[in-house]
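Enquirer: Pasting target.pdb below, which is PDB, C-alpha atoms, pLDDT in the B column.
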```
ATOM      1  CA  MET A   1      11.561  69.601 -34.931  1.00 46.00           C
ATOM      2  CA  ALA A   2       7.760  69.612 -34.990  1.00 54.00           C
ATOM      3  CA  VAL A   3       5.909  72.385 -33.156  1.00 58.00           C
ATOM      4  CA  ASP A   4       3.438  71.155 -30.536  1.00 62.00           C
ATOM      5  CA  PRO A   5       0.475  73.601 -30.337  1.00 59.00           C
ATOM      6  CA  ASP A   6      -0.211  72.567 -26.720  1.00 59.00           C
ATOM      7  CA  ASP A   7       3.340  73.303 -25.564  1.00 59.00           C
ATOM      8  CA  PRO A   8       4.259  77.003 -25.580  1.00 56.00           C
ATOM      9  CA  TYR A   9       7.970  76.082 -25.439  1.00 59.00           C
ATOM     10  CA  SER A  10       7.762  73.782 -28.430  1.00 60.00           C
ATOM     11  CA  GLY A  11      10.286  74.829 -31.046  1.00 61.00           C
ATOM     12  CA  LEU A  12      12.045  77.133 -28.582  1.00 66.00           C
ATOM     13  CA  ARG A  13      14.020  74.440 -26.797  1.00 70.00           C
ATOM     14  CA  ASN A  14      16.477  72.022 -28.264  1.00 76.00           C
ATOM     15  CA  GLU A  15      14.950  68.907 -26.698  1.00 78.00           C
ATOM     16  CA  THR A  16      13.806  65.546 -27.921  1.00 79.00           C
ATOM     17  CA  PRO A  17      10.172  64.478 -27.492  1.00 79.00           C
ATOM     18  CA  THR A  18      11.297  62.261 -24.597  1.00 78.00           C
ATOM     19  CA  GLU A  19      13.089  65.165 -22.920  1.00 79.00           C
ATOM     20  CA  ARG A  20       9.977  67.316 -23.388  1.00 83.00           C
ATOM     21  CA  LEU A  21       7.829  64.618 -21.736  1.00 79.00           C
ATOM     22  CA  ASP A  22      10.309  64.359 -18.860  1.00 77.00           C
ATOM     23  CA  ARG A  23      10.234  68.151 -18.426  1.00 84.00           C
ATOM     24  CA  ASN A  24       6.438  68.253 -18.575  1.00 80.00           C
ATOM     25  CA  TRP A  25       6.185  65.453 -16.008  1.00 77.00           C
ATOM     26  CA  ALA A  26       8.662  67.218 -13.693  1.00 81.00           C
ATOM     27  CA  GLU A  27       6.722  70.492 -14.006  1.00 83.00           C
ATOM     28  CA  LEU A  28       3.444  68.702 -13.278  1.00 80.00           C
ATOM     29  CA  LEU A  29       4.939  67.074 -10.185  1.00 79.00           C
ATOM     30  CA  GLN A  30       6.147  70.466  -8.962  1.00 83.00           C
ATOM     31  CA  GLU A  31       2.639  71.898  -9.375  1.00 82.00           C
ATOM     32  CA  LEU A  32       1.220  68.940  -7.452  1.00 81.00           C
ATOM     33  CA  ARG A  33       3.729  69.458  -4.639  1.00 79.00           C
ATOM     34  CA  VAL A  34       2.539  73.045  -4.285  1.00 81.00           C
ATOM     35  CA  VAL A  35      -1.142  72.181  -4.062  1.00 85.00           C
ATOM     36  CA  GLN A  36      -1.167  68.787  -2.331  1.00 82.00           C
ATOM     37  CA  THR A  37      -0.016  70.003   1.063  1.00 84.00           C
ATOM     38  CA  GLY A  38      -2.666  72.710   1.210  1.00 83.00           C
ATOM     39  CA  VAL A  39      -5.405  70.323   0.128  1.00 86.00           C
ATOM     40  CA  GLN A  40      -4.268  67.721   2.660  1.00 87.00           C
ATOM     41  CA  LEU A  41      -4.314  70.281   5.477  1.00 85.00           C
ATOM     42  CA  LEU A  42      -7.702  71.624   4.424  1.00 85.00           C
ATOM     43  CA  THR A  43      -9.171  68.126   4.221  1.00 87.00           C
ATOM     44  CA  GLY A  44      -7.714  67.187   7.599  1.00 87.00           C
ATOM     45  CA  PHE A  45      -9.167  70.318   9.159  1.00 83.00           C
ATOM     46  CA  LEU A  46     -12.594  69.598   7.656  1.00 85.00           C
ATOM     47  CA  LEU A  47     -12.466  66.042   8.998  1.00 86.00           C
ATOM     48  CA  THR A  48     -12.069  67.365  12.553  1.00 85.00           C
ATOM     49  CA  LEU A  49     -14.909  69.919  12.488  1.00 83.00           C
ATOM     50  CA  PRO A  50     -17.758  67.597  13.543  1.00 83.00           C
ATOM     51  CA  PHE A  51     -15.875  66.899  16.756  1.00 87.00           C
ATOM     52  CA  GLN A  52     -15.930  70.570  17.774  1.00 87.00           C
ATOM     53  CA  ALA A  53     -18.492  71.663  20.366  1.00 83.00           C
ATOM     54  CA  ARG A  54     -20.238  74.275  18.192  1.00 87.00           C
ATOM     55  CA  PHE A  55     -20.715  71.920  15.239  1.00 88.00           C
ATOM     56  CA  GLU A  56     -24.046  70.734  16.638  1.00 88.00           C
ATOM     57  CA  GLU A  57     -25.315  74.329  16.486  1.00 90.00           C
ATOM     58  CA  LEU A  58     -25.240  74.254  12.679  1.00 90.00           C
ATOM     59  CA  ASP A  59     -28.655  74.050  11.065  1.00 92.00           C
ATOM     60  CA  ARG A  60     -29.563  71.350   8.521  1.00 94.00           C
ATOM     61  CA  TYR A  61     -28.574  73.508   5.557  1.00 95.00           C
ATOM     62  CA  GLN A  62     -25.161  74.332   7.063  1.00 94.00           C
ATOM     63  CA  GLN A  63     -24.520  70.680   7.868  1.00 93.00           C
ATOM     64  CA  SER A  64     -25.417  69.778   4.282  1.00 95.00           C
ATOM     65  CA  VAL A  65     -23.044  72.402   2.915  1.00 95.00           C
ATOM     66  CA  TYR A  66     -20.344  71.072   5.239  1.00 93.00           C
ATOM     67  CA  VAL A  67     -20.838  67.495   4.019  1.00 94.00           C
ATOM     68  CA  VAL A  68     -20.658  68.589   0.376  1.00 96.00           C
ATOM     69  CA  VAL A  69     -17.506  70.642   1.028  1.00 95.00           C
ATOM     70  CA  LEU A  70     -15.913  67.727   2.910  1.00 95.00           C
ATOM     71  CA  LEU A  71     -16.682  65.274   0.099  1.00 96.00           C
ATOM     72  CA  LEU A  72     -15.323  67.720  -2.465  1.00 96.00           C
ATOM     73  CA  ALA A  73     -12.130  68.168  -0.415  1.00 94.00           C
ATOM     74  CA  VAL A  74     -11.627  64.416  -0.229  1.00 94.00           C
ATOM     75  CA  SER A  75     -12.300  64.178  -3.973  1.00 95.00           C
ATOM     76  CA  ALA A  76      -9.704  66.890  -4.662  1.00 93.00           C
ATOM     77  CA  LEU A  77      -7.197  65.025  -2.523  1.00 91.00           C
ATOM     78  CA  VAL A  78      -7.841  61.837  -4.496  1.00 92.00           C
ATOM     79  CA  LEU A  79      -7.528  63.678  -7.823  1.00 93.00           C
ATOM     80  CA  PHE A  80      -4.216  65.276  -6.844  1.00 88.00           C
ATOM     81  CA  ILE A  81      -2.742  62.003  -5.629  1.00 88.00           C
ATOM     82  CA  ALA A  82      -4.066  59.990  -8.597  1.00 87.00           C
ATOM     83  CA  PRO A  83      -1.080  60.789 -10.873  1.00 85.00           C
ATOM     84  CA  VAL A  84       1.174  59.009  -8.365  1.00 84.00           C
ATOM     85  CA  GLY A  85      -0.908  55.833  -8.587  1.00 84.00           C
ATOM     86  CA  TYR A  86      -1.030  56.180 -12.345  1.00 82.00           C
ATOM     87  CA  HIS A  87       2.753  56.568 -12.416  1.00 77.00           C
ATOM     88  CA  ARG A  88       3.185  53.417 -10.341  1.00 75.00           C
ATOM     89  CA  ALA A  89       0.966  51.458 -12.748  1.00 77.00           C
ATOM     90  CA  LEU A  90       2.807  52.730 -15.838  1.00 71.00           C
ATOM     91  CA  PHE A  91       6.321  52.832 -14.366  1.00 71.00           C
ATOM     92  CA  GLN A  92       8.893  51.596 -16.910  1.00 74.00           C
ATOM     93  CA  GLN A  93       6.193  50.895 -19.493  1.00 74.00           C
ATOM     94  CA  ARG A  94       7.321  53.636 -21.917  1.00 76.00           C
ATOM     95  CA  SER A  95       4.010  55.427 -21.426  1.00 75.00           C
ATOM     96  CA  LYS A  96       5.216  58.842 -20.313  1.00 77.00           C
ATOM     97  CA  ALA A  97       3.046  60.645 -22.880  1.00 82.00           C
ATOM     98  CA  ARG A  98      -0.068  58.972 -21.481  1.00 85.00           C
ATOM     99  CA  LEU A  99       1.117  59.619 -17.925  1.00 84.00           C
ATOM    100  CA  VAL A 100       1.656  63.337 -18.591  1.00 83.00           C
ATOM    101  CA  ALA A 101      -1.704  63.705 -20.378  1.00 87.00           C
ATOM    102  CA  VAL A 102      -3.701  61.865 -17.710  1.00 89.00           C
ATOM    103  CA  GLY A 103      -1.796  63.535 -14.872  1.00 87.00           C
ATOM    104  CA  SER A 104      -2.613  66.906 -16.377  1.00 87.00           C
ATOM    105  CA  ARG A 105      -6.318  66.017 -16.581  1.00 92.00           C
ATOM    106  CA  PHE A 106      -6.346  64.824 -12.961  1.00 91.00           C
ATOM    107  CA  THR A 107      -4.663  68.066 -11.920  1.00 90.00           C
ATOM    108  CA  LYS A 108      -7.137  70.240 -13.833  1.00 91.00           C
ATOM    109  CA  ALA A 109     -10.053  68.339 -12.287  1.00 95.00           C
ATOM    110  CA  GLY A 110      -8.423  68.679  -8.868  1.00 93.00           C
ATOM    111  CA  LEU A 111      -8.057  72.438  -9.292  1.00 92.00           C
ATOM    112  CA  ALA A 112     -11.710  72.791 -10.279  1.00 94.00           C
ATOM    113  CA  THR A 113     -12.681  70.728  -7.244  1.00 95.00           C
ATOM    114  CA  VAL A 114     -10.478  72.778  -4.910  1.00 95.00           C
ATOM    115  CA  GLY A 115     -12.161  75.892  -6.277  1.00 95.00           C
ATOM    116  CA  LEU A 116     -15.501  74.438  -5.214  1.00 96.00           C
ATOM    117  CA  VAL A 117     -14.093  73.507  -1.797  1.00 95.00           C
ATOM    118  CA  VAL A 118     -12.735  76.991  -1.162  1.00 94.00           C
ATOM    119  CA  SER A 119     -15.863  78.800  -2.341  1.00 96.00           C
ATOM    120  CA  GLY A 120     -18.096  76.316  -0.480  1.00 96.00           C
ATOM    121  CA  GLY A 121     -16.031  76.741   2.666  1.00 94.00           C
ATOM    122  CA  VAL A 122     -16.373  80.517   2.449  1.00 95.00           C
ATOM    123  CA  LEU A 123     -20.110  80.132   1.849  1.00 96.00           C
ATOM    124  CA  LEU A 124     -20.412  78.008   5.006  1.00 94.00           C
ATOM    125  CA  VAL A 125     -18.313  80.248   7.256  1.00 93.00           C
ATOM    126  CA  VAL A 126     -19.988  83.473   6.152  1.00 95.00           C
ATOM    127  CA  ASP A 127     -23.405  81.813   6.438  1.00 95.00           C
ATOM    128  CA  VAL A 128     -22.635  80.950  10.071  1.00 93.00           C
ATOM    129  CA  VAL A 129     -21.187  84.372  10.875  1.00 93.00           C
ATOM    130  CA  VAL A 130     -23.381  86.751   8.841  1.00 94.00           C
ATOM    131  CA  GLY A 131     -26.303  84.786   7.441  1.00 95.00           C
ATOM    132  CA  ARG A 132     -27.535  82.939   4.390  1.00 96.00           C
ATOM    133  CA  VAL A 133     -27.511  85.826   1.904  1.00 97.00           C
ATOM    134  CA  GLY A 134     -24.044  86.905   2.993  1.00 97.00           C
ATOM    135  CA  GLY A 135     -22.846  83.335   2.638  1.00 96.00           C
ATOM    136  CA  TRP A 136     -24.135  83.060  -0.911  1.00 97.00           C
ATOM    137  CA  VAL A 137     -22.686  86.448  -1.871  1.00 98.00           C
ATOM    138  CA  ALA A 138     -19.273  85.687  -0.365  1.00 97.00           C
ATOM    139  CA  GLY A 139     -19.148  82.125  -1.698  1.00 97.00           C
ATOM    140  CA  GLY A 140     -20.235  83.282  -5.147  1.00 97.00           C
ATOM    141  CA  GLY A 141     -17.701  86.094  -5.123  1.00 97.00           C
ATOM    142  CA  VAL A 142     -14.887  83.713  -4.235  1.00 96.00           C
ATOM    143  CA  ALA A 143     -16.080  81.253  -6.911  1.00 97.00           C
ATOM    144  CA  ALA A 144     -16.059  84.061  -9.483  1.00 97.00           C
ATOM    145  CA  LEU A 145     -12.568  85.165  -8.423  1.00 97.00           C
ATOM    146  CA  ILE A 146     -11.298  81.596  -8.700  1.00 95.00           C
ATOM    147  CA  ALA A 147     -12.931  81.176 -12.122  1.00 96.00           C
ATOM    148  CA  VAL A 148     -11.239  84.353 -13.356  1.00 96.00           C
ATOM    149  CA  CYS A 149      -7.794  83.662 -11.850  1.00 93.00           C
ATOM    150  CA  TRP A 150      -7.614  79.921 -12.405  1.00 90.00           C
ATOM    151  CA  TYR A 151      -9.474  79.587 -15.704  1.00 93.00           C
ATOM    152  CA  ALA A 152     -10.362  82.747 -17.618  1.00 94.00           C
ATOM    153  CA  LEU A 153      -7.029  84.587 -17.332  1.00 94.00           C
ATOM    154  CA  PRO A 154      -4.894  81.505 -18.105  1.00 90.00           C
ATOM    155  CA  ARG A 155      -7.126  80.675 -21.115  1.00 91.00           C
ATOM    156  CA  ARG A 156      -6.804  84.275 -22.326  1.00 93.00           C
ATOM    157  CA  ALA A 157      -3.030  84.136 -21.938  1.00 92.00           C
ATOM    158  CA  LEU A 158      -2.936  80.834 -23.844  1.00 86.00           C
ATOM    159  CA  ARG A 159      -4.942  82.353 -26.712  1.00 90.00           C
ATOM    160  CA  GLN A 160      -2.551  85.315 -26.806  1.00 90.00           C
ATOM    161  CA  VAL A 161       0.511  83.053 -26.862  1.00 87.00           C
ATOM    162  CA  ARG A 162      -0.953  80.934 -29.654  1.00 86.00           C
ATOM    163  CA  ALA A 163      -1.952  84.015 -31.652  1.00 87.00           C
ATOM    164  CA  GLY A 164       1.550  85.440 -31.231  1.00 84.00           C
ATOM    165  CA  ARG A 165       3.059  82.165 -32.392  1.00 80.00           C
ATOM    166  CA  ARG A 166       0.753  82.083 -35.436  1.00 80.00           C
ATOM    167  CA  ASP A 167       1.683  85.675 -36.257  1.00 79.00           C
ATOM    168  CA  ALA A 168       5.386  84.840 -35.929  1.00 78.00           C
ATOM    169  CA  GLU A 169       4.984  81.787 -38.173  1.00 76.00           C
ATOM    170  CA  ARG A 170       3.199  83.907 -40.802  1.00 78.00           C
ATOM    171  CA  GLY A 171       6.068  86.365 -40.652  1.00 74.00           C
ATOM    172  CA  GLU A 172       8.569  83.537 -41.278  1.00 67.00           C
ATOM    173  CA  ASP A 173       6.584  82.303 -44.265  1.00 60.00           C
ATOM    174  CA  ARG A 174       6.927  85.655 -46.070  1.00 57.00           C
TER
END
```
For this file, produce the structure as structure tokens.
Expert:
Amino acid sequence: MAVDPDDPYSGLRNETPTERLDRNWAELLQELRVVQTGVQLLTGFLLTLPFQARFEELDRYQQSVYVVVLLLAVSALVLFIAPVGYHRALFQQRSKARLVAVGSRFTKAGLATVGLVVSGGVLLVVDVVVGRVGGWVAGGGVAALIAVCWYALPRRALRQVRAGRRDAERGEDR
């Protein structure tokens, strides 16, 4: 069985390529289930804000930040739901590999967008409560935390897994 460098379980499971694609698709759907509800609630909440009495008290800058955050939230929602539309288009077309690859890209883009929504939302709230500098510091801090937790640490772990696999393969070759 060929080892897939992008799949850390490759070679460890006794599964066919089709079974691996089915497993990867099921895992992707589970990840989407976790994040979609939160993004839907966040987007719905953002859609209601302009109808609140204090919304008119926001200055031009704060309204602009709000609009950007709202558009990013809607974009994240679209990105997270896109794999479903893609699945409908490719259903029973023997294109699971393409579906898994594209679904994964949509999900990664959605996560990056949600990171911007969360950090932008914090920027806006802290700007209203504390002031502009506080907003930028808090929003930037949250963005940095998201970048570390959602990108840097997973990438580091992936490098470690791949290095361990290479080391193990070298040991088998001896």
Enquirer: Report as JSON, numbers by chain all protein, DNA and RNA residues lying within 12 Å of Gly120 of chain A, evaluated on all atoms listed in the file, omitting residues in the same chain fewer than 6 positions from it.
Expert: {"A": [46, 62, 63, 64, 65, 66, 67, 68, 69, 70, 71, 72, 73, 113, 114, 126, 127, 135, 136, 137, 138, 139, 140, 141, 142, 143, 146]}
Enquirer: How far is it from atom CA of Val102 of chain A to atom CA of Leu90 of chain A, in Å with one decimal?
Expert: 11.4 Å
Enquirer: Please provide the set of residues having any atom within 10 Å of Val128 of chain A, restricted to all atoms listed in the file, with same-chain residues fewer than 4 positions apart removed, written as a short mmCIF file (atom, residue, chain, number, x, y, z; two decimals) with C-alpha atoms, in the frame of the given file.
Expert:
```
data_model
loop_
_atom_site.label_atom_id
_atom_site.label_comp_id
_atom_site.auth_asym_id
_atom_site.auth_seq_id
_atom_site.Cartn_x
_atom_site.Cartn_y
_atom_site.Cartn_z
CA GLU A 57 -25.32 74.33 16.49
CA LEU A 58 -25.24 74.25 12.68
CA ASP A 59 -28.66 74.05 11.06
CA GLN A 62 -25.16 74.33 7.06
CA VAL A 122 -16.37 80.52 2.45
CA LEU A 123 -20.11 80.13 1.85
CA LEU A 124 -20.41 78.01 5.01
CA ARG A 132 -27.54 82.94 4.39
CA GLY A 134 -24.04 86.90 2.99
CA GLY A 135 -22.85 83.34 2.64
#
```
Enquirer: Please identify all polymer residues within 7 Å of segment 17-24 of chain A, counting all atoms listed in the file, omitting same-chain residues fewer than 5 positions from it, and present them as a ChimeraX atom specification.
Expert: /A:96-97,100
Enquirer: Give me the residues near Gln40 of chain A as a list in words, where near means some atom within 7 Å (using all atoms listed in the file) and where sequence neighbours in that chain fewer than 4 positions away do not count.
Expert: Gln36, Gly44 and Leu77 of chain A
Enquirer: Wanna dump the segment 1-77 of chain A-segment 81-84 of chain A contacts at 10 Å for me, each residue with its shortest atom pair and the distance in Å to one decimal, counting all atoms listed in the file, ordered by chain and number, as a tab-separated table?
Expert:
```
residue	atom	partner	partner_atom	distance
A:Leu28	CA	A:Pro83	CA	9.4
A:Leu29	CA	A:Pro83	CA	8.7
A:Leu32	CA	A:Ile81	CA	8.2
A:Arg33	CA	A:Ile81	CA	9.9
A:Gln36	CA	A:Ile81	CA	7.7
A:Ser75	CA	A:Ile81	CA	9.9
A:Ala76	CA	A:Ile81	CA	8.6
A:Leu77	CA	A:Ile81	CA	6.2
```
Enquirer: Between atom CA of Pro154 of chain A and atom CA of Leu111 of chain A, measure the distance and give it in Å to one decimal.
Expert: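 These atoms are spaced 13.0 Å apart.
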Enquirer: Record the distance separating atom CA of Thr43 of chain A and atom CA of Gly85 of chain A, expressed in Å with one decimal.
Expert: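 So the two atoms, atom CA of Thr43 of chain A and atom CA of Gly85 of chain A, lie 19.6 Å apart.
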